[in-house]
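Enquirer: To start, I am sharing the structure in question, which I have written as structure tokens.
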Amino acid sequence: MESVVQTRNSNTHYGWVAVLFHWLMAPAIIGMFALGWWMVGLGYYDPWYRQGPDIHKSVGILLLILLVARLVWRWVNIEPSPEPAPRWQQRAAGAAHWLIYALLLAIFVSGYLISTADGRAIEVFNWFSVPATLQGLENQEDIAGIIHEWLAWTLMGLVLVHGLAAFKHHFVNKDNTLRKMLGMNARKGQ
Amino acid sequence: MKKLASLLFAALVASSIGATAQAANYQFDTKGAHAFVQFRIKHLGYSWLYGRFDKFDGSFVYDEAKPEASSVQVTVDTTSLNSNHAERDKHLRGEDFLNVAKYPTAIFKSTSFTPNGDGKAVLKGDLTLHGVTKPITIDVEEIGGGKDPWGGYRQGFTGKTEFKLKDFGIDYDLGPASQVVEMILDVEGIRQ
């Protein structure tokens, strides 16, 4: 189980930067969904009533920054060639990846538009604050809220498909799809 | 000049007749925003939180000579709740509180108006809020009325009432000091 130590992507491998982006963001995104779903049900006297949304908003802004950096990194790197599979599957996988990026971006923007609808800034862990831009649209926080929630559920559906596909490649096709994203070398004998 | 004088006289007579005539219909001056539907509720028992509804409409019938025959009706767009904080407004419009997606309007219809004779009165009526209709009592005070500078005739009142949120099926726990909400209604009506 030797791992690959290269910064940039190659034809056969993801570099450690791409791997790190993936594994930093994946658990954070799933955690954000769980936190968001949980925190909106909290009672007013719950200690997490304020802390939950504060963390959710802060992590959301950081994830947006990570996503932009990740897309830039993807732009200046080549993508490893996909494992042998029917053409439609390769296309579907590619479309799913771009759809995940698009959904993430839309979720971050809609979330930002909820909290900044009245012109208030978003405080990121008392570290820096992101000012409001688009604000004061009629019922902006409600509309952005509905979009945010629906897109989050859609994303989780897609994440499930994405994860199942990765396991299918690993355990059924026994190819290197998942190993590549784990920064591992190809299976022996291939 | 003579013509103008007689015209003015005619207008004066007409308006004074109008003023003493029977019950007149008044429309809330929502266009000029001389009407307000506000609420306040205690926060943790430590301070008052104020909010308002930006969109509503209403009318009343008022007869200075026979005020006990007065009646009022108000329709409030609950989606227009505004407490000057988007995240809170979203929460208050949501399912934990007003559920405006399901109940976008609140309605008040008066059933009786009992003047005390000192410019104060008791207004009773049915309030439909959050899908629940219950009788409420509003303490009314007449602020003033008369001609406005632009050829119209106005009548203004202020009213106060309070009720438990639970009475209207809103049971999100804001704490023991925040069970009761006060409503403050200020209206200026323009005679139609």
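Residue names in the structure tokens use chain letters A, B, ... in the order shown, residue numbers from 1 in each chain, and ligand numbers from 1 in the order shown.
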Residues of chain A within 7 Å of chain B, using only C-alpha atoms, as a PDB file with N, CA and C atoms, in the first residue's frame?
Expert:
ATOM      1  N   GLY A  43     -34.212  24.120  20.213  1.00  0.00           N
ATOM      2  CA  GLY A  43     -35.013  25.033  21.016  1.00  0.00           C
ATOM      3  C   GLY A  43     -34.230  26.300  21.324  1.00  0.00           C
ATOM      4  N   TYR A  44     -34.989  27.335  21.698  1.00  0.00           N
ATOM      5  CA  TYR A  44     -34.367  28.639  21.907  1.00  0.00           C
ATOM      6  C   TYR A  44     -33.362  28.632  23.054  1.00  0.00           C
ATOM      7  N   ILE A 114     -29.023  34.167   2.769  1.00  0.00           N
ATOM      8  CA  ILE A 114     -29.962  34.134   3.899  1.00  0.00           C
ATOM      9  C   ILE A 114     -29.457  35.092   4.976  1.00  0.00           C
ATOM     10  N   SER A 115     -28.219  34.844   5.395  1.00  0.00           N
ATOM     11  CA  SER A 115     -27.691  35.559   6.558  1.00  0.00           C
ATOM     12  C   SER A 115     -27.373  37.021   6.280  1.00  0.00           C
ATOM     13  N   ALA A 117     -29.204  38.910   4.151  1.00  0.00           N
ATOM     14  CA  ALA A 117     -30.371  39.525   3.503  1.00  0.00           C
ATOM     15  C   ALA A 117     -30.696  40.903   4.071  1.00  0.00           C
ATOM     16  N   ASP A 118     -30.330  41.131   5.334  1.00  0.00           N
ATOM     17  CA  ASP A 118     -30.635  42.431   5.938  1.00  0.00           C
ATOM     18  C   ASP A 118     -29.412  43.341   5.982  1.00  0.00           C
ATOM     19  N   GLU A 141     -34.506  36.224   2.453  1.00  0.00           N
ATOM     20  CA  GLU A 141     -34.059  35.160   3.354  1.00  0.00           C
ATOM     21  C   GLU A 141     -34.921  33.906   3.233  1.00  0.00           C
ATOM     22  N   ASP A 142     -36.214  34.096   2.946  1.00  0.00           N
ATOM     23  CA  ASP A 142     -37.096  32.930   2.822  1.00  0.00           C
ATOM     24  C   ASP A 142     -36.832  32.172   1.521  1.00  0.00           C
TER      25      ASP A 142
END
Enquirer: Skipping near chain neighbours, those fewer than 4 positions away, what residues fall within 12 Å of Ser47 of chain B using only C-alpha atoms, listed as a list in words?
Expert: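 The residues satisfying every condition are Arg40, Ile41, Lys42, His43, Ala177 and Ser178 of chain B.
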Enquirer: For atom CA of Trp88 of chain A and atom CA of Thr177 of chain A, determine how far apart the two atoms are, in Å to one decimal place.
Expert: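 Atom CA of Trp88 of chain A sits 16.2 Å away from atom CA of Thr177 of chain A.
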Enquirer: Mind pulling up the distance from atom CA of Ser83 of chain B to atom CA of Ile143 of chain B?
Expert: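 Pair atom CA of Ile143 of chain B / atom CA of Ser83 of chain B returns 25.9 Å.
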Enquirer: Which of segment 94-189 of chain A end up as helix (DSSP H, G or I) when DSSP is run on this backbone - answer as a ChimeraX atom specification?
Expert: /A:94-115,140-172,177-181
Enquirer: What does the file look like for those residues with C-alpha atoms, as a PDB file, in the first residue's frame?
Expert:
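After the write, out-v6.pdb holds the following:
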ATOM      1  CA  GLY A  94     -17.873  13.605 -15.328  1.00  0.00           C
ATOM      2  CA  ALA A  95     -21.317  15.245 -15.353  1.00  0.00           C
ATOM      3  CA  ALA A  96     -21.869  14.231 -11.720  1.00  0.00           C
ATOM      4  CA  HIS A  97     -18.586  15.831 -10.656  1.00  0.00           C
ATOM      5  CA  TRP A  98     -19.451  19.137 -12.321  1.00  0.00           C
ATOM      6  CA  LEU A  99     -22.978  18.993 -10.937  1.00  0.00           C
ATOM      7  CA  ILE A 100     -21.528  18.536  -7.434  1.00  0.00           C
ATOM      8  CA  TYR A 101     -19.354  21.623  -7.911  1.00  0.00           C
ATOM      9  CA  ALA A 102     -22.312  23.617  -9.252  1.00  0.00           C
ATOM     10  CA  LEU A 103     -24.586  22.515  -6.404  1.00  0.00           C
ATOM     11  CA  LEU A 104     -21.940  23.358  -3.814  1.00  0.00           C
ATOM     12  CA  LEU A 105     -21.496  26.822  -5.264  1.00  0.00           C
ATOM     13  CA  ALA A 106     -25.261  27.417  -5.357  1.00  0.00           C
ATOM     14  CA  ILE A 107     -25.636  26.134  -1.785  1.00  0.00           C
ATOM     15  CA  PHE A 108     -22.868  28.412  -0.509  1.00  0.00           C
ATOM     16  CA  VAL A 109     -24.272  31.444  -2.315  1.00  0.00           C
ATOM     17  CA  SER A 110     -27.866  30.805  -1.200  1.00  0.00           C
ATOM     18  CA  GLY A 111     -26.732  30.285   2.392  1.00  0.00           C
ATOM     19  CA  TYR A 112     -24.776  33.522   2.268  1.00  0.00           C
ATOM     20  CA  LEU A 113     -27.869  35.299   0.916  1.00  0.00           C
ATOM     21  CA  ILE A 114     -29.962  34.134   3.899  1.00  0.00           C
ATOM     22  CA  SER A 115     -27.691  35.559   6.558  1.00  0.00           C
ATOM     23  CA  GLN A 140     -34.808  37.226   0.245  1.00  0.00           C
ATOM     24  CA  GLU A 141     -34.059  35.160   3.354  1.00  0.00           C
ATOM     25  CA  ASP A 142     -37.096  32.930   2.822  1.00  0.00           C
ATOM     26  CA  ILE A 143     -36.493  32.312  -0.883  1.00  0.00           C
ATOM     27  CA  ALA A 144     -32.762  31.750  -0.391  1.00  0.00           C
ATOM     28  CA  GLY A 145     -33.632  29.434   2.501  1.00  0.00           C
ATOM     29  CA  ILE A 146     -35.906  27.237   0.408  1.00  0.00           C
ATOM     30  CA  ILE A 147     -33.300  27.016  -2.362  1.00  0.00           C
ATOM     31  CA  HIS A 148     -30.536  26.276   0.172  1.00  0.00           C
ATOM     32  CA  GLU A 149     -32.500  23.409   1.716  1.00  0.00           C
ATOM     33  CA  TRP A 150     -33.608  21.781  -1.551  1.00  0.00           C
ATOM     34  CA  LEU A 151     -30.184  21.984  -3.127  1.00  0.00           C
ATOM     35  CA  ALA A 152     -28.622  20.520   0.008  1.00  0.00           C
ATOM     36  CA  TRP A 153     -30.897  17.485  -0.197  1.00  0.00           C
ATOM     37  CA  THR A 154     -30.188  17.161  -3.927  1.00  0.00           C
ATOM     38  CA  LEU A 155     -26.466  17.294  -3.223  1.00  0.00           C
ATOM     39  CA  MET A 156     -26.730  14.585  -0.581  1.00  0.00           C
ATOM     40  CA  GLY A 157     -28.542  12.374  -3.096  1.00  0.00           C
ATOM     41  CA  LEU A 158     -25.757  12.925  -5.599  1.00  0.00           C
ATOM     42  CA  VAL A 159     -23.087  12.336  -2.933  1.00  0.00           C
ATOM     43  CA  LEU A 160     -24.700   9.000  -2.175  1.00  0.00           C
ATOM     44  CA  VAL A 161     -24.604   8.004  -5.855  1.00  0.00           C
ATOM     45  CA  HIS A 162     -21.000   9.256  -6.100  1.00  0.00           C
ATOM     46  CA  GLY A 163     -19.950   7.196  -3.071  1.00  0.00           C
ATOM     47  CA  LEU A 164     -21.769   4.068  -4.219  1.00  0.00           C
ATOM     48  CA  ALA A 165     -20.171   4.392  -7.641  1.00  0.00           C
ATOM     49  CA  ALA A 166     -16.733   4.633  -6.014  1.00  0.00           C
ATOM     50  CA  PHE A 167     -17.380   1.452  -3.990  1.00  0.00           C
ATOM     51  CA  LYS A 168     -18.731  -0.291  -7.079  1.00  0.00           C
ATOM     52  CA  HIS A 169     -15.522   0.537  -8.929  1.00  0.00           C
ATOM     53  CA  HIS A 170     -13.426  -0.635  -6.007  1.00  0.00           C
ATOM     54  CA  PHE A 171     -15.206  -3.845  -5.039  1.00  0.00           C
ATOM     55  CA  VAL A 172     -17.012  -4.929  -8.193  1.00  0.00           C
ATOM     56  CA  THR A 177     -10.853   4.678  -9.157  1.00  0.00           C
ATOM     57  CA  LEU A 178     -11.047   4.853  -5.368  1.00  0.00           C
ATOM     58  CA  ARG A 179      -7.346   4.088  -4.887  1.00  0.00           C
ATOM     59  CA  LYS A 180      -6.485   7.092  -7.027  1.00  0.00           C
ATOM     60  CA  MET A 181      -8.515   9.413  -4.837  1.00  0.00           C
TER      61      MET A 181
END
Enquirer: May I have the residues within 9 Å of Ile184 of chain B as a tab-separated table (two decimals) with N, CA and C atoms, in the first residue's frame, using only C-alpha atoms and disregarding those fewer than 6 positions away in the same chain?
Expert:
chain	number	residue	atom	x	y	z
B	36	PHE	N	-49.88	51.46	11.18
B	36	PHE	CA	-48.82	50.54	11.59
B	36	PHE	C	-49.40	49.37	12.36
B	37	VAL	N	-48.92	48.20	12.02
B	37	VAL	CA	-49.29	47.01	12.79
B	37	VAL	C	-48.00	46.49	13.41
B	38	GLN	N	-47.86	46.72	14.70
B	38	GLN	CA	-46.61	46.37	15.37
B	38	GLN	C	-46.86	45.39	16.51
B	39	PHE	N	-45.81	44.70	16.87
B	39	PHE	CA	-45.92	43.81	18.02
B	39	PHE	C	-44.68	43.96	18.87
B	40	ARG	N	-44.81	43.55	20.10
B	40	ARG	CA	-43.61	43.47	20.92
B	40	ARG	C	-43.75	42.29	21.87
B	158	THR	N	-55.39	54.70	18.07
B	158	THR	CA	-54.34	53.76	18.46
B	158	THR	C	-55.00	52.66	19.29
B	159	GLY	N	-54.51	51.47	19.14
B	159	GLY	CA	-55.10	50.35	19.87
B	159	GLY	C	-54.04	49.42	20.40
B	160	LYS	N	-54.36	48.78	21.53
B	160	LYS	CA	-53.41	47.85	22.13
B	160	LYS	C	-54.14	46.60	22.57
B	161	THR	N	-53.50	45.48	22.34
B	161	THR	CA	-54.08	44.24	22.84
B	161	THR	C	-52.93	43.28	23.13
B	162	GLU	N	-53.23	42.24	23.83
B	162	GLU	CA	-52.20	41.22	24.06
B	162	GLU	C	-52.86	39.86	24.14
Enquirer: Leaving out Ile55 of chain A and any residue of its chain fewer than 4 positions from it, which residues lie within 8 Å of it when counting only C-alpha atoms, given as a list in words?
Expert: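 Neighbouring residues, sequence-local ones excluded: Gln51, Val59 and Phe125 of chain A.
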Enquirer: Any chance you can output those residues with N, CA and C atoms as a PDB file, in the first residue's frame?
Expert:
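part_25.pdb, freshly written:
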ATOM      1  N   GLN A  51     -24.625  28.774  18.728  1.00  0.00           N
ATOM      2  CA  GLN A  51     -23.336  28.226  18.307  1.00  0.00           C
ATOM      3  C   GLN A  51     -23.446  27.426  17.004  1.00  0.00           C
ATOM      4  N   VAL A  59     -18.002  27.751   8.667  1.00  0.00           N
ATOM      5  CA  VAL A  59     -17.474  26.646   7.855  1.00  0.00           C
ATOM      6  C   VAL A  59     -17.939  26.800   6.403  1.00  0.00           C
ATOM      7  N   PHE A 125     -15.784  32.740  12.443  1.00  0.00           N
ATOM      8  CA  PHE A 125     -15.020  32.388  13.663  1.00  0.00           C
ATOM      9  C   PHE A 125     -14.301  33.581  14.301  1.00  0.00           C
TER      10      PHE A 125
END
Enquirer: Atom CA of Leu35 of chain A to atom CA of Val17 of chain A: how many Å, to one decimal?
Expert: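 According to the coordinates, atom CA of Leu35 of chain A and atom CA of Val17 of chain A are separated by 26.6 Å.
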Enquirer: Could you tell me which of B:Ala24, B:Gly45, B:Gln155, B:Asp63 comes closest to Gln179 of chain B if we count only C-alpha atoms?
Expert: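 Checking each of B:Ala24, B:Gly45, B:Gln155, B:Asp63 against Gln179 of chain B, counting only C-alpha atoms, the winner is B:Gly45.
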Enquirer: Can you list, as a list in words, every protein, DNA or RNA residue that comes within 12 Å of Phe128 of chain A when you count only C-alpha atoms, leaving out same-chain residues fewer than 4 positions away?
Expert: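 After dropping sequence-adjacent residues, the list is Ser58, Ile61, Leu62, Ala121, Ile122, Glu123 and Val124 of chain A.
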Enquirer: Find the residues near segment 134-137 of chain B: any atom within 10 Å, counting only C-alpha atoms, skip ones fewer than 4 places away on the same chain, and give them as a compact mmCIF listing (two decimals) with C-alpha atoms, in the first residue's frame.
Expert:
# COMPACT_ATOMS: atom_id res chain seq x y z
CA PHE B 108 -59.25 40.91 12.39
CA LYS B 109 -62.97 41.63 12.22
CA SER B 110 -64.63 43.66 14.92
CA THR B 111 -67.82 42.51 16.57
CA SER B 112 -68.47 45.45 18.90
CA PHE B 113 -67.17 48.91 19.73
CA VAL B 122 -63.13 48.90 23.89
CA LEU B 123 -63.08 47.13 20.56
CA LYS B 124 -63.97 43.48 20.47
CA GLY B 125 -63.55 41.20 17.53
CA ASP B 126 -62.28 37.95 16.08
CA LEU B 127 -58.65 37.51 15.20
CA THR B 128 -57.66 34.79 12.78
CA LEU B 129 -53.95 34.06 13.14
CA GLY B 159 -55.10 50.35 19.87
CA LYS B 160 -53.41 47.85 22.13
CA THR B 161 -54.08 44.24 22.84
CA GLU B 162 -52.20 41.22 24.06
CA PHE B 163 -52.62 37.50 23.83
CA ASP B 167 -53.83 30.56 22.24
CA PHE B 168 -53.19 30.72 18.51
Enquirer: Go through segment 53-145 of chain B and collect every residue that DSSP, computed from the backbone, puts in strand (DSSP E); the answer should be as an NGL selection string.
Expert: :B and (53 or 56-62 or 71-77 or 81-82 or 105-115 or 120-129 or 132-145)
